[in-house]
file structure_13.txt (compact mmCIF, C-alpha atoms)
# COMPACT_ATOMS: atom_id res chain seq x y z
CA MET A 1 20.57 2.21 56.61
CA LYS A 2 19.93 -1.51 56.69
CA ALA A 3 21.95 -3.75 54.40
CA LYS A 4 18.97 -4.71 52.25
CA HIS A 5 18.04 -1.06 51.74
CA GLN A 6 21.60 -0.39 50.70
CA ARG A 7 21.46 -3.25 48.19
CA LEU A 8 18.10 -2.03 46.87
CA THR A 9 19.31 1.56 46.34
CA LEU A 10 22.55 0.39 44.76
CA LEU A 11 20.79 -2.00 42.37
CA LEU A 12 18.10 0.48 41.41
CA LEU A 13 20.76 3.12 40.72
CA ALA A 14 22.71 0.63 38.62
CA VAL A 15 19.59 -0.38 36.67
CA VAL A 16 18.58 3.24 36.07
CA ALA A 17 22.11 4.11 34.93
CA VAL A 18 22.37 1.17 32.52
CA LEU A 19 18.83 1.76 31.26
CA GLY A 20 19.59 5.43 30.66
CA ALA A 21 22.80 4.57 28.82
CA VAL A 22 21.06 2.01 26.61
CA LEU A 23 18.13 4.29 25.83
CA LEU A 24 20.54 7.08 24.88
CA ALA A 25 22.43 4.68 22.64
CA MET A 26 19.17 3.50 21.07
CA SER A 27 17.92 6.99 20.33
CA SER A 28 21.23 7.91 18.70
CA LEU A 29 20.94 4.72 16.67
CA LYS A 30 17.72 6.11 15.28
CA ASP A 31 18.95 6.45 11.72
CA GLN A 32 21.32 3.51 11.56
CA ALA A 33 18.84 1.05 13.06
CA ALA A 34 16.00 2.18 10.81
CA TYR A 35 14.91 -0.60 8.53
CA PHE A 36 14.20 1.78 5.67
CA TYR A 37 14.37 5.43 4.59
CA ALA A 38 11.06 7.30 4.42
CA PRO A 39 10.57 9.71 1.49
CA ALA A 40 10.83 12.63 3.93
CA ASP A 41 14.26 11.36 5.09
CA VAL A 42 15.43 11.19 1.49
CA THR A 43 14.36 14.73 0.58
CA ARG A 44 15.56 16.22 3.86
CA LYS A 45 18.94 14.56 4.26
CA GLY A 46 19.42 12.73 1.01
CA ALA A 47 19.98 8.98 0.78
CA PRO A 48 23.16 7.08 -0.01
CA GLN A 49 23.67 6.89 -3.76
CA ALA A 50 25.11 3.89 -5.59
CA ARG A 51 24.52 1.62 -2.58
CA THR A 52 21.69 -0.82 -1.96
CA ILE A 53 19.23 0.66 0.54
CA ARG A 54 15.58 0.24 1.47
CA ILE A 55 12.93 2.89 1.16
CA GLY A 56 9.44 2.62 2.58
CA GLY A 57 6.13 4.44 2.67
CA MET A 58 2.69 4.33 1.15
CA VAL A 59 2.09 3.51 -2.52
CA GLU A 60 0.46 6.69 -3.82
CA GLU A 61 -3.10 6.39 -5.11
CA ARG A 62 -3.44 5.89 -8.87
CA SER A 63 0.33 5.98 -9.34
CA VAL A 64 0.97 2.37 -10.42
CA ARG A 65 1.76 2.10 -14.13
CA HIS A 66 2.51 -1.21 -15.81
CA ALA A 67 4.98 -1.15 -18.68
CA GLY A 68 4.35 -2.89 -21.98
CA ASP A 69 6.52 -5.87 -21.12
CA GLY A 70 4.03 -6.90 -18.40
CA VAL A 71 6.55 -7.33 -15.57
CA THR A 72 7.97 -3.83 -15.12
CA MET A 73 5.99 -1.38 -13.05
CA ASP A 74 6.46 2.22 -11.97
CA PHE A 75 4.85 3.79 -8.91
CA LEU A 76 5.24 6.61 -6.44
CA VAL A 77 6.00 6.09 -2.73
CA GLY A 78 4.93 8.88 -0.42
CA ASP A 79 4.47 9.53 3.27
CA GLU A 80 2.57 11.99 5.44
CA THR A 81 4.73 14.82 4.04
CA ASP A 82 4.76 15.96 0.41
CA ALA A 83 7.87 13.98 -0.38
CA VAL A 84 7.59 11.24 -2.99
CA ILE A 85 10.01 8.78 -4.51
CA ARG A 86 9.65 7.40 -8.03
CA VAL A 87 10.15 3.63 -7.95
CA ARG A 88 10.64 1.13 -10.76
CA PHE A 89 10.41 -2.60 -10.15
CA LYS A 90 10.62 -5.60 -12.41
CA GLY A 91 9.13 -8.77 -10.97
CA ILE A 92 6.26 -10.15 -8.97
CA VAL A 93 4.98 -8.13 -6.04
CA PRO A 94 3.46 -9.65 -2.84
CA ASP A 95 -0.33 -10.09 -2.74
CA LEU A 96 -0.74 -7.27 -0.27
CA PHE A 97 1.03 -4.75 -2.49
CA LYS A 98 -1.56 -2.21 -3.60
CA GLU A 99 -2.20 1.49 -3.99
CA GLY A 100 -2.73 3.19 -0.64
CA SER A 101 -0.93 0.46 1.31
CA GLY A 102 2.48 0.33 2.91
CA VAL A 103 5.48 -0.89 0.96
CA VAL A 104 9.20 -1.42 1.52
CA ALA A 105 11.45 -1.50 -1.56
CA GLN A 106 15.08 -2.56 -1.68
CA GLY A 107 17.29 -1.24 -4.45
CA ARG A 108 19.40 1.72 -5.57
CA PHE A 109 18.85 5.31 -6.50
CA GLN A 110 19.79 6.25 -10.04
CA PRO A 111 21.50 9.60 -10.70
CA ASP A 112 18.20 11.02 -11.98
CA GLY A 113 16.42 10.24 -8.67
CA LEU A 114 14.59 7.13 -9.88
CA PHE A 115 14.72 4.30 -7.35
CA VAL A 116 15.22 0.97 -9.08
CA ALA A 117 14.04 -1.79 -6.75
CA ASP A 118 15.05 -5.43 -6.93
CA GLU A 119 12.84 -6.55 -4.04
CA ILE A 120 9.41 -5.40 -2.91
CA LEU A 121 7.87 -6.21 0.48
CA ALA A 122 4.36 -5.27 1.53
CA LYS A 123 4.17 -3.55 4.88
CA HIS A 124 1.08 -4.41 6.84
CA ASP A 125 -0.38 -1.73 9.09
CA GLU A 126 -1.90 -2.27 12.54
CA SER A 127 -5.54 -2.59 11.39
CA TYR A 128 -7.26 -5.94 11.57
CA MET A 129 -10.89 -6.23 10.49
CA PRO A 130 -13.32 -8.45 8.62
CA PRO A 131 -14.04 -7.56 4.97
CA GLU A 132 -17.53 -6.21 5.73
CA ALA A 133 -16.16 -3.78 8.34
CA ALA A 134 -13.53 -2.59 5.91
CA GLY A 135 -16.28 -1.65 3.43
CA GLU A 136 -15.01 0.61 0.70
CA ARG A 137 -11.47 0.43 2.01
CA HIS A 138 -11.47 -3.19 0.98
CA LYS A 139 -10.76 -2.08 -2.54
CA THR A 140 -9.23 1.36 -2.39
CA GLY A 141 -8.25 4.11 -0.05
CA SER A 142 -5.64 4.71 2.54
CA LEU A 143 -5.85 2.83 5.79
CA LYS A 144 -5.07 5.83 7.94
CA MET B 1 6.10 -12.33 49.60
CA HIS B 2 7.99 -13.12 52.77
CA ILE B 3 5.36 -15.58 53.96
CA PHE B 4 6.58 -17.82 51.13
CA ALA B 5 10.14 -17.73 52.43
CA ASN B 6 9.16 -21.07 53.90
CA PRO B 7 8.98 -23.48 50.91
CA ALA B 8 6.55 -25.74 52.76
CA ARG B 9 4.03 -22.90 52.95
CA PHE B 10 4.61 -22.11 49.27
CA LEU B 11 4.08 -25.73 48.26
CA LYS B 12 0.83 -25.90 50.19
CA LEU B 13 -0.55 -23.12 48.01
CA ALA B 14 1.27 -24.05 44.78
CA ARG B 15 -0.15 -27.57 44.56
CA PRO B 16 -3.85 -26.67 44.21
CA LEU B 17 -3.01 -23.48 42.29
CA THR B 18 -1.15 -25.46 39.60
CA LEU B 19 -4.29 -27.46 38.95
CA TRP B 20 -6.61 -24.47 38.83
CA LEU B 21 -4.34 -22.43 36.58
CA GLY B 22 -3.87 -25.41 34.30
CA VAL B 23 -7.60 -26.15 34.02
CA GLY B 24 -8.53 -22.47 33.62
CA GLY B 25 -5.80 -22.01 31.02
CA ALA B 26 -6.88 -25.07 29.04
CA VAL B 27 -10.52 -23.92 28.99
CA LEU B 28 -9.64 -20.37 27.92
CA ILE B 29 -7.18 -21.54 25.25
CA ALA B 30 -9.85 -23.88 23.87
CA LEU B 31 -12.33 -20.99 23.81
CA GLY B 32 -9.89 -18.45 22.39
CA LEU B 33 -8.29 -20.66 19.76
CA GLY B 34 -11.60 -22.35 18.92
CA SER B 35 -13.32 -19.05 18.22
CA GLY B 36 -10.17 -17.54 16.72
CA LEU B 37 -9.46 -20.38 14.31
CA PHE B 38 -13.02 -21.34 13.39
CA LEU B 39 -15.57 -18.65 14.27
CA SER B 40 -13.84 -15.29 13.88
CA PRO B 41 -13.90 -13.61 10.45
CA GLU B 42 -10.96 -13.52 8.06
CA ASP B 43 -9.11 -10.26 7.64
CA TYR B 44 -9.97 -7.91 4.76
CA LEU B 45 -6.34 -7.86 3.56
CA GLN B 46 -4.58 -10.87 5.03
CA GLY B 47 -7.38 -13.37 4.55
CA GLU B 48 -7.04 -16.58 6.58
CA SER B 49 -3.44 -16.01 7.60
CA VAL B 50 -4.63 -13.46 10.18
CA ARG B 51 -5.46 -16.46 12.42
CA ILE B 52 -1.77 -16.88 13.26
CA LEU B 53 -2.37 -13.79 15.40
CA TYR B 54 -4.17 -15.83 18.06
CA VAL B 55 -0.98 -17.73 18.85
CA HIS B 56 1.65 -15.19 17.81
CA VAL B 57 0.51 -12.27 19.98
CA PRO B 58 0.00 -14.27 23.24
CA ALA B 59 3.39 -15.91 22.64
CA ALA B 60 5.04 -12.50 22.20
CA TRP B 61 3.39 -11.10 25.34
CA LEU B 62 4.44 -14.10 27.40
CA ALA B 63 7.97 -14.01 26.02
CA MET B 64 8.28 -10.44 27.28
CA GLY B 65 6.25 -11.06 30.44
CA GLY B 66 8.46 -14.07 31.23
CA TRP B 67 11.61 -11.98 31.20
CA THR B 68 9.90 -9.29 33.28
CA GLY B 69 9.20 -12.04 35.80
CA ILE B 70 12.85 -13.15 35.68
CA ALA B 71 13.95 -9.55 36.29
CA LEU B 72 11.62 -9.15 39.29
CA ALA B 73 12.75 -12.50 40.71
CA SER B 74 16.38 -11.47 40.19
CA LEU B 75 15.78 -8.18 41.99
CA SER B 76 14.13 -9.90 44.94
CA GLN B 77 16.95 -12.45 45.04
CA LEU B 78 19.69 -9.81 45.05
CA VAL B 79 18.02 -7.37 47.44
CA TRP B 80 15.92 -9.43 49.83
CA LYS B 81 17.68 -12.77 49.25
CA HIS B 82 14.28 -14.42 48.94
CA PRO B 83 14.91 -18.18 48.92
CA LEU B 84 12.35 -18.89 46.18
CA ALA B 85 13.42 -16.07 43.84
CA GLY B 86 16.22 -17.99 42.15
CA VAL B 87 13.95 -21.03 41.85
CA ALA B 88 11.26 -18.86 40.21
CA GLY B 89 13.73 -17.36 37.73
CA ARG B 90 14.96 -20.78 36.67
CA ALA B 91 11.39 -22.07 36.42
CA ILE B 92 10.34 -19.20 34.14
CA ALA B 93 13.33 -19.38 31.79
CA LEU B 94 12.43 -22.53 29.86
CA PRO B 95 8.74 -21.76 29.08
CA GLY B 96 9.82 -18.18 28.35
CA ALA B 97 12.34 -19.39 25.79
CA ILE B 98 9.78 -21.73 24.22
CA PHE B 99 7.20 -18.95 23.86
CA THR B 100 9.85 -16.66 22.35
CA ALA B 101 10.69 -19.33 19.80
CA LEU B 102 6.97 -19.89 19.13
CA CYS B 103 6.54 -16.15 18.56
CA LEU B 104 9.46 -16.04 16.10
CA ILE B 105 8.28 -19.14 14.21
CA THR B 106 4.64 -18.05 13.89
CA GLY B 107 5.74 -14.54 12.95
CA SER B 108 7.96 -15.91 10.24
CA LEU B 109 5.14 -18.08 8.85
CA TRP B 110 2.85 -15.03 8.84
CA GLY B 111 5.48 -12.80 7.26
CA ARG B 112 5.87 -14.91 4.13
CA PRO B 113 2.30 -14.48 2.78
CA THR B 114 1.83 -10.98 4.22
CA TRP B 115 5.12 -9.16 3.69
CA GLY B 116 6.63 -11.50 1.14
CA THR B 117 9.53 -12.63 3.33
CA TYR B 118 10.20 -15.10 6.14
CA TRP B 119 12.78 -12.96 7.88
CA GLU B 120 14.09 -9.42 7.72
CA TRP B 121 16.51 -7.73 10.11
CA ASP B 122 14.19 -4.99 11.29
CA GLY B 123 14.16 -3.62 14.83
CA ARG B 124 11.30 -5.72 16.20
CA MET B 125 12.45 -9.04 14.79
CA THR B 126 16.10 -8.52 15.72
CA SER B 127 15.32 -7.48 19.32
CA MET B 128 13.00 -10.50 19.68
CA LEU B 129 15.72 -12.83 18.41
CA ILE B 130 18.08 -11.27 20.98
CA LEU B 131 15.49 -12.08 23.66
CA LEU B 132 15.64 -15.76 22.61
CA PHE B 133 19.45 -15.67 22.93
CA LEU B 134 19.12 -14.01 26.35
CA TYR B 135 16.83 -16.83 27.51
CA VAL B 136 19.27 -19.46 26.25
CA GLY B 137 22.13 -17.64 27.96
CA TYR B 138 20.18 -17.40 31.21
CA ILE B 139 19.37 -21.13 31.15
CA ALA B 140 23.02 -22.02 30.51
CA LEU B 141 24.22 -19.68 33.26
CA ALA B 142 21.66 -20.98 35.77
CA GLU B 143 22.57 -24.60 34.97
CA ALA B 144 26.30 -23.93 35.30
CA ASP B 145 25.70 -22.17 38.59
CA ARG B 146 23.56 -25.00 39.93
CA GLU B 147 26.22 -27.60 39.10
CA ARG B 148 28.79 -25.55 40.97
CA GLY B 149 26.41 -25.22 43.90
CA GLY B 150 26.53 -21.43 43.79
CA GLU B 151 23.99 -18.91 45.02
CA GLY B 152 23.05 -17.79 41.52
CA ARG B 153 24.13 -14.18 41.97
CA VAL B 154 25.64 -13.87 38.49
CA THR B 155 22.51 -15.42 37.00
CA ALA B 156 20.37 -12.88 38.85
CA ILE B 157 22.50 -9.95 37.68
CA PHE B 158 22.21 -11.27 34.12
CA GLY B 159 18.44 -11.57 34.54
CA LEU B 160 18.20 -7.99 35.75
CA LEU B 161 20.41 -6.52 33.01
CA GLY B 162 18.68 -8.51 30.28
CA ALA B 163 15.43 -6.71 31.14
CA ILE B 164 16.75 -3.69 29.23
CA ASN B 165 15.80 -5.53 26.05
CA ILE B 166 12.11 -5.48 27.04
CA PRO B 167 11.46 -1.72 26.47
CA ILE B 168 13.59 -1.97 23.32
CA ILE B 169 11.28 -4.68 21.95
CA ARG B 170 8.22 -2.69 22.98
CA TYR B 171 9.32 0.60 21.38
CA SER B 172 11.32 -0.81 18.45
CA VAL B 173 8.38 -0.17 16.12
CA GLU B 174 8.05 3.44 17.29
CA TRP B 175 11.70 4.48 17.45
CA TRP B 176 12.76 3.06 14.11
CA ASN B 177 11.14 2.62 10.73
CA SER B 178 10.36 -1.07 10.86
CA LEU B 179 8.71 -3.66 8.67
CA HIS B 180 6.71 -4.90 11.65
CA GLN B 181 3.53 -2.89 12.27
CA GLY B 182 2.95 -0.83 15.41
CA GLN B 183 0.72 -1.60 18.39
CA SER B 184 -2.85 -2.57 17.49
CA ILE B 185 -4.14 -2.87 21.02
CA SER B 186 -4.20 -0.04 23.48
CA PHE B 187 -5.16 -0.67 27.09
CA SER B 188 -4.75 2.97 28.09
CA GLY B 189 -7.60 4.33 26.01
CA GLY B 190 -7.12 5.57 22.46
CA GLY B 191 -8.95 2.58 21.05
CA SER B 192 -7.66 -0.49 19.30
CA SER B 193 -7.27 -0.83 15.55
CA ILE B 194 -8.37 -4.44 15.70
CA ASP B 195 -11.99 -5.33 15.15
CA THR B 196 -13.97 -6.53 18.21
CA SER B 197 -14.77 -9.85 16.50
CA MET B 198 -11.03 -10.58 16.45
CA LEU B 199 -10.11 -8.87 19.72
CA TRP B 200 -12.15 -11.15 22.02
CA PRO B 201 -10.73 -14.46 20.81
CA LEU B 202 -7.27 -12.89 21.05
CA LEU B 203 -7.74 -11.72 24.63
CA ALA B 204 -9.25 -15.07 25.67
CA SER B 205 -6.36 -16.98 24.15
CA ALA B 206 -3.81 -14.54 25.66
CA LEU B 207 -5.31 -14.97 29.13
CA GLY B 208 -5.48 -18.74 28.62
CA PHE B 209 -1.82 -19.00 27.59
CA SER B 210 -0.89 -16.78 30.56
CA LEU B 211 -2.65 -19.11 33.03
CA LEU B 212 -1.00 -22.08 31.38
CA PHE B 213 2.36 -20.29 31.67
CA GLY B 214 1.68 -19.76 35.37
CA ALA B 215 0.81 -23.44 35.84
CA ILE B 216 4.01 -24.53 34.05
CA VAL B 217 6.11 -22.17 36.19
CA LEU B 218 4.56 -23.45 39.43
CA MET B 219 5.04 -27.05 38.30
CA ARG B 220 8.68 -26.41 37.48
CA MET B 221 9.23 -24.58 40.77
CA ARG B 222 7.85 -27.58 42.66
CA ALA B 223 10.08 -29.91 40.63
CA ILE B 224 13.17 -27.77 41.34
CA LEU B 225 12.36 -27.64 45.07
CA ALA B 226 11.87 -31.42 45.14
CA LEU B 227 15.20 -31.93 43.37
CA GLN B 228 16.95 -29.63 45.84
CA LYS B 229 15.51 -31.67 48.69
CA VAL B 230 16.75 -34.91 47.13
CA GLU B 231 20.22 -33.48 46.57
CA ALA B 232 20.41 -32.19 50.14
CA ARG B 233 19.41 -35.58 51.49
CA MET B 234 21.95 -37.38 49.28
CA ARG B 235 24.68 -35.07 50.59
CA ARG B 236 23.70 -35.79 54.16
CA LEU B 237 23.74 -39.53 53.50
CA ALA B 238 27.13 -39.32 51.82
CA ALA B 239 28.61 -37.32 54.67

call {"tool": "encode", "arguments": {"input": "structure_13.txt", "output": "structure tokens"}}
result
Amino acid sequence: MKAKHQRLTLLLLAVVAVLGAVLLAMSSLKDQAAYFYAPADVTRKGAPQARTIRIGGMVEERSVRHAGDGVTMDFLVGDETDAVIRVRFKGIVPDLFKEGSGVVAQGRFQPDGLFVADEILAKHDESYMPPEAAGERHKTGSLK
Amino acid sequence: MHIFANPARFLKLARPLTLWLGVGGAVLIALGLGSGLFLSPEDYLQGESVRILYVHVPAAWLAMGGWTGIALASLSQLVWKHPLAGVAGRAIALPGAIFTALCLITGSLWGRPTWGTYWEWDGRMTSMLILLFLYVGYIALAEADRERGGEGRVTAIFGLLGAINIPIIRYSVEWWNSLHQGQSISFSGGGSSIDTSMLWPLLASALGFSLLFGAIVLMRMRAILALQKVEARMRRLAA
């Protein structure tokens, strides 16, 4: 075996080993490195109570209700499963917040399961299109 | 690659290639950004801020492509001891770092109107910030090594190991729930979720920035080789 072949094998083995180790570490980080809990995660495993966390999903169609005071709103966050989270937020939401679109909310769960958010971020999906191509979806509807 | 083991032969090709890549890149960037910023439609949700895409996405691709280049150069330096590999790695590092920074800055400016925040610690943004730190570390290491007159072995090992961050950046939006959206463009079939009227300016600008990147790298490689020549001659004169 020539010296350069030895070096090549050694380096490739080292790279594969380190890559494998890192990928294993990353996949076990799955939950901790997640930016938010999806509704399915919350119903399946439960979410930390009495601690500030983020939840994320799609704002359910026709679920946004504005309270009488004009700044408090209630809505449901769902995902591809049946799980939903009831969310209450007091404040101004980003422009892209709307029914059928992605949302990330930061706040705490109350004992009764209501999620009280103190920050709302709109999550943009991977679709990019001009208004005419979006057609009906421009106003309503899920993007999926 | 071994025909370029002789720097003189490399320079003979690099000189005209720098010009052609630079001119081609400038033309394509003008086309891509011109049509992206002025002719392409606005997005149905994001409105005008979608136009940041035409700089942000090419910058992100080149940031990752740059480190892939550093990793390949490092491999060829460590295994085949190619004389130009270390030079190539050092030449890539600075434009790579600049494009990473450009990607982070444009992303942040896009995030404020779209998501409602300049910065969040989600998987994609954090791994991209780590890439910027890796570039800065690589530049510092390469500089320190050059001043010591070393062979750059440690720098090359660092360049190779740092490549692990590249698949992490790529898959961060699939492994973890992230604020950043997933892939819009698929080259392996499956279709892209970006409208054709926006896809073409994006691809033109991405190709243009890539050619420009190549021209900058060749220019820097020539500058590094020239500097090495000067230093060698100074040493001989001093001796």

call {"tool": "closest_atom_pairs", "arguments": {"input": "structure_13.txt", "of": "chain A", "to": "chain B", "cutoff": "7 Å", "atoms": "all atoms listed in the file", "output": "CSV"}}
result
residue,atom,partner,partner_atom,distance
A:Lys4,CA,B:Val79,CA,5.6
A:Arg7,CA,B:Val79,CA,5.4
A:Leu8,CA,B:Val79,CA,5.4
A:Leu19,CA,B:Ile164,CA,6.2
A:Lys30,CA,B:Trp176,CA,5.9
A:Ala33,CA,B:Trp176,CA,6.5
A:Ala34,CA,B:Trp176,CA,4.7
A:Tyr35,CA,B:Ser178,CA,5.1
A:Phe36,CA,B:Asn177,CA,6.0
A:Pro94,CA,B:Gly116,CA,5.4
A:Leu96,CA,B:Thr114,CA,6.4
A:Leu121,CA,B:Trp115,CA,5.2
A:Ala122,CA,B:Trp115,CA,4.5
A:Lys123,CA,B:Trp115,CA,5.8
A:His124,CA,B:Gln181,CA,6.1
A:Asp125,CA,B:Gln181,CA,5.2
A:Glu126,CA,B:Ser184,CA,5.0
A:Ser127,CA,B:Ser193,CA,4.8
A:Tyr128,CA,B:Ile194,CA,4.5
A:Met129,CA,B:Asp195,CA,4.9
A:Pro130,CA,B:Asp43,CA,4.7
A:Pro131,CA,B:Tyr44,CA,4.1
A:Ala134,CA,B:Tyr44,CA,6.5
A:His138,CA,B:Tyr44,CA,6.2

call {"tool": "atom_distance", "arguments": {"input": "structure_13.txt", "atom1": "CA of Leu29 (chain A)", "atom2": "CA of Ala17 (chain A)"}}
result
18.3 Å

call {"tool": "residues_around", "arguments": {"input": "structure_13.txt", "residues": "Ala91 (chain B)", "least_positions_apart": "3", "cutoff": "12 Å", "atoms": "all atoms listed in the file", "output": "number ranges by chain"}}
result
B: 66-67, 69-70, 73, 84-88, 94-97, 135, 138-139, 142-143, 213-225

call {"tool": "atom_distance", "arguments": {"input": "structure_13.txt", "atom1": "CA of Glu119 (chain A)", "atom2": "CA of Ile55 (chain A)"}}
result
10.8 Å

call {"tool": "atom_distance", "arguments": {"input": "structure_13.txt", "atom1": "CA of Thr68 (chain B)", "atom2": "CA of Ala93 (chain B)"}}
result
10.8 Å

call {"tool": "residues_around", "arguments": {"input": "structure_13.txt", "residues": "Val77 (chain A)", "least_positions_apart": "5", "cutoff": "8 Å", "atoms": "only C-alpha atoms", "output": "list in words"}}
result
Pro39, Gly56, Gly57, Met58, Val59, Glu60, Val84, Ile85, Arg86, Val87 and Val103 of chain A

call {"tool": "residues_near_point", "arguments": {"input": "structure_13.txt", "point": "(10.3, -7.0, -16.1)", "cutoff": "9 Å", "atoms": "all atoms listed in the file", "output": "PyMOL selection string"}}
result
chain A and resi 67+69-73+89-92

call {"tool": "residues_around", "arguments": {"input": "structure_13.txt", "residues": "Arg88 (chain A)", "least_positions_apart": "4", "cutoff": "7 Å", "atoms": "all atoms listed in the file", "output": "PyMOL selection string"}}
result
chain A and resi 73-75+115-117

call {"tool": "residues_around", "arguments": {"input": "structure_13.txt", "residues": "Ala101 (chain B)", "least_positions_apart": "5", "cutoff": "9 Å", "atoms": "all atoms listed in the file", "output": "ChimeraX atom specification"}}
result
/B:59,63,96,106,129,132

call {"tool": "residues_around", "arguments": {"input": "structure_13.txt", "residues": "Met128 (chain B)", "least_positions_apart": "5", "cutoff": "9 Å", "atoms": "all atoms listed in the file", "output": "list in words"}}
result
Ala60, Ala63, Met64, Thr100, Cys103, Leu104, Gly123, Phe133, Asn165, Ile166 and Ile169 of chain B

call {"tool": "closest_atom_pairs", "arguments": {"input": "structure_13.txt", "of": "region 188-231 of chain B", "to": "region 20-34 of chain B", "cutoff": "7 Å", "atoms": "only C-alpha atoms", "output": "CSV"}}
result
residue,atom,partner,partner_atom,distance
B:Pro201,CA,B:Gly32,CA,4.4
B:Leu202,CA,B:Gly32,CA,6.3
B:Ala204,CA,B:Gly32,CA,4.8
B:Ser205,CA,B:Gly32,CA,4.2
B:Gly208,CA,B:Gly25,CA,4.1
B:Phe209,CA,B:Gly25,CA,6.1
B:Leu211,CA,B:Gly25,CA,4.7
B:Leu212,CA,B:Gly25,CA,4.8
B:Gly214,CA,B:Leu21,CA,6.7
B:Ala215,CA,B:Leu21,CA,5.3

call {"tool": "build_atoms", "arguments": {"input": "structure_13.txt", "residues": "region 118-123 of chain B", "atoms": "all heavy atoms", "output": "short mmCIF file (atom, residue, chain, number, x, y, z; two decimals), in the coordinates of the input"}}
result
data_model
loop_
_atom_site.label_atom_id
_atom_site.label_comp_id
_atom_site.auth_asym_id
_atom_site.auth_seq_id
_atom_site.Cartn_x
_atom_site.Cartn_y
_atom_site.Cartn_z
N TYR B 118 10.23 -14.39 4.86
CA TYR B 118 10.20 -15.10 6.14
C TYR B 118 10.91 -14.31 7.23
O TYR B 118 10.53 -14.36 8.38
CB TYR B 118 10.91 -16.46 6.02
CG TYR B 118 10.10 -17.50 5.29
CD1 TYR B 118 10.50 -17.99 4.05
CD2 TYR B 118 8.94 -18.01 5.86
CE1 TYR B 118 9.76 -18.95 3.39
CE2 TYR B 118 8.20 -18.98 5.21
CZ TYR B 118 8.61 -19.44 3.98
OH TYR B 118 7.89 -20.39 3.33
N TRP B 119 11.96 -13.62 6.85
CA TRP B 119 12.78 -12.96 7.88
C TRP B 119 13.42 -11.70 7.32
O TRP B 119 13.94 -11.72 6.20
CB TRP B 119 13.87 -13.91 8.39
CG TRP B 119 14.65 -13.28 9.47
CD1 TRP B 119 15.84 -12.62 9.35
CD2 TRP B 119 14.29 -13.19 10.86
NE1 TRP B 119 16.22 -12.14 10.57
CE2 TRP B 119 15.31 -12.48 11.51
CE3 TRP B 119 13.20 -13.67 11.60
CZ2 TRP B 119 15.27 -12.22 12.88
CZ3 TRP B 119 13.17 -13.40 12.96
CH2 TRP B 119 14.20 -12.69 13.58
N GLU B 120 13.36 -10.63 8.07
CA GLU B 120 14.09 -9.42 7.72
C GLU B 120 14.71 -8.90 9.01
O GLU B 120 14.14 -9.07 10.09
CB GLU B 120 13.14 -8.35 7.14
CG GLU B 120 12.65 -8.66 5.73
CD GLU B 120 13.77 -8.60 4.71
OE1 GLU B 120 14.62 -7.68 4.79
OE2 GLU B 120 13.82 -9.49 3.83
N TRP B 121 15.83 -8.22 8.90
CA TRP B 121 16.51 -7.73 10.11
C TRP B 121 15.97 -6.37 10.50
O TRP B 121 16.70 -5.38 10.51
CB TRP B 121 18.01 -7.69 9.89
CG TRP B 121 18.58 -9.04 9.71
CD1 TRP B 121 18.90 -9.63 8.54
CD2 TRP B 121 18.89 -10.00 10.74
NE1 TRP B 121 19.39 -10.91 8.76
CE2 TRP B 121 19.39 -11.14 10.10
CE3 TRP B 121 18.78 -9.99 12.12
CZ2 TRP B 121 19.78 -12.27 10.81
CZ3 TRP B 121 19.18 -11.12 12.82
CH2 TRP B 121 19.68 -12.25 12.17
N ASP B 122 14.70 -6.28 10.82
CA ASP B 122 14.19 -4.99 11.29
C ASP B 122 14.23 -4.96 12.82
O ASP B 122 14.54 -5.96 13.47
CB ASP B 122 12.80 -4.69 10.69
CG ASP B 122 11.67 -5.14 11.58
OD1 ASP B 122 11.83 -6.16 12.27
OD2 ASP B 122 10.61 -4.50 11.56
N GLY B 123 13.94 -3.82 13.39
CA GLY B 123 14.16 -3.62 14.83
C GLY B 123 13.40 -4.61 15.69
O GLY B 123 13.94 -5.19 16.63
#
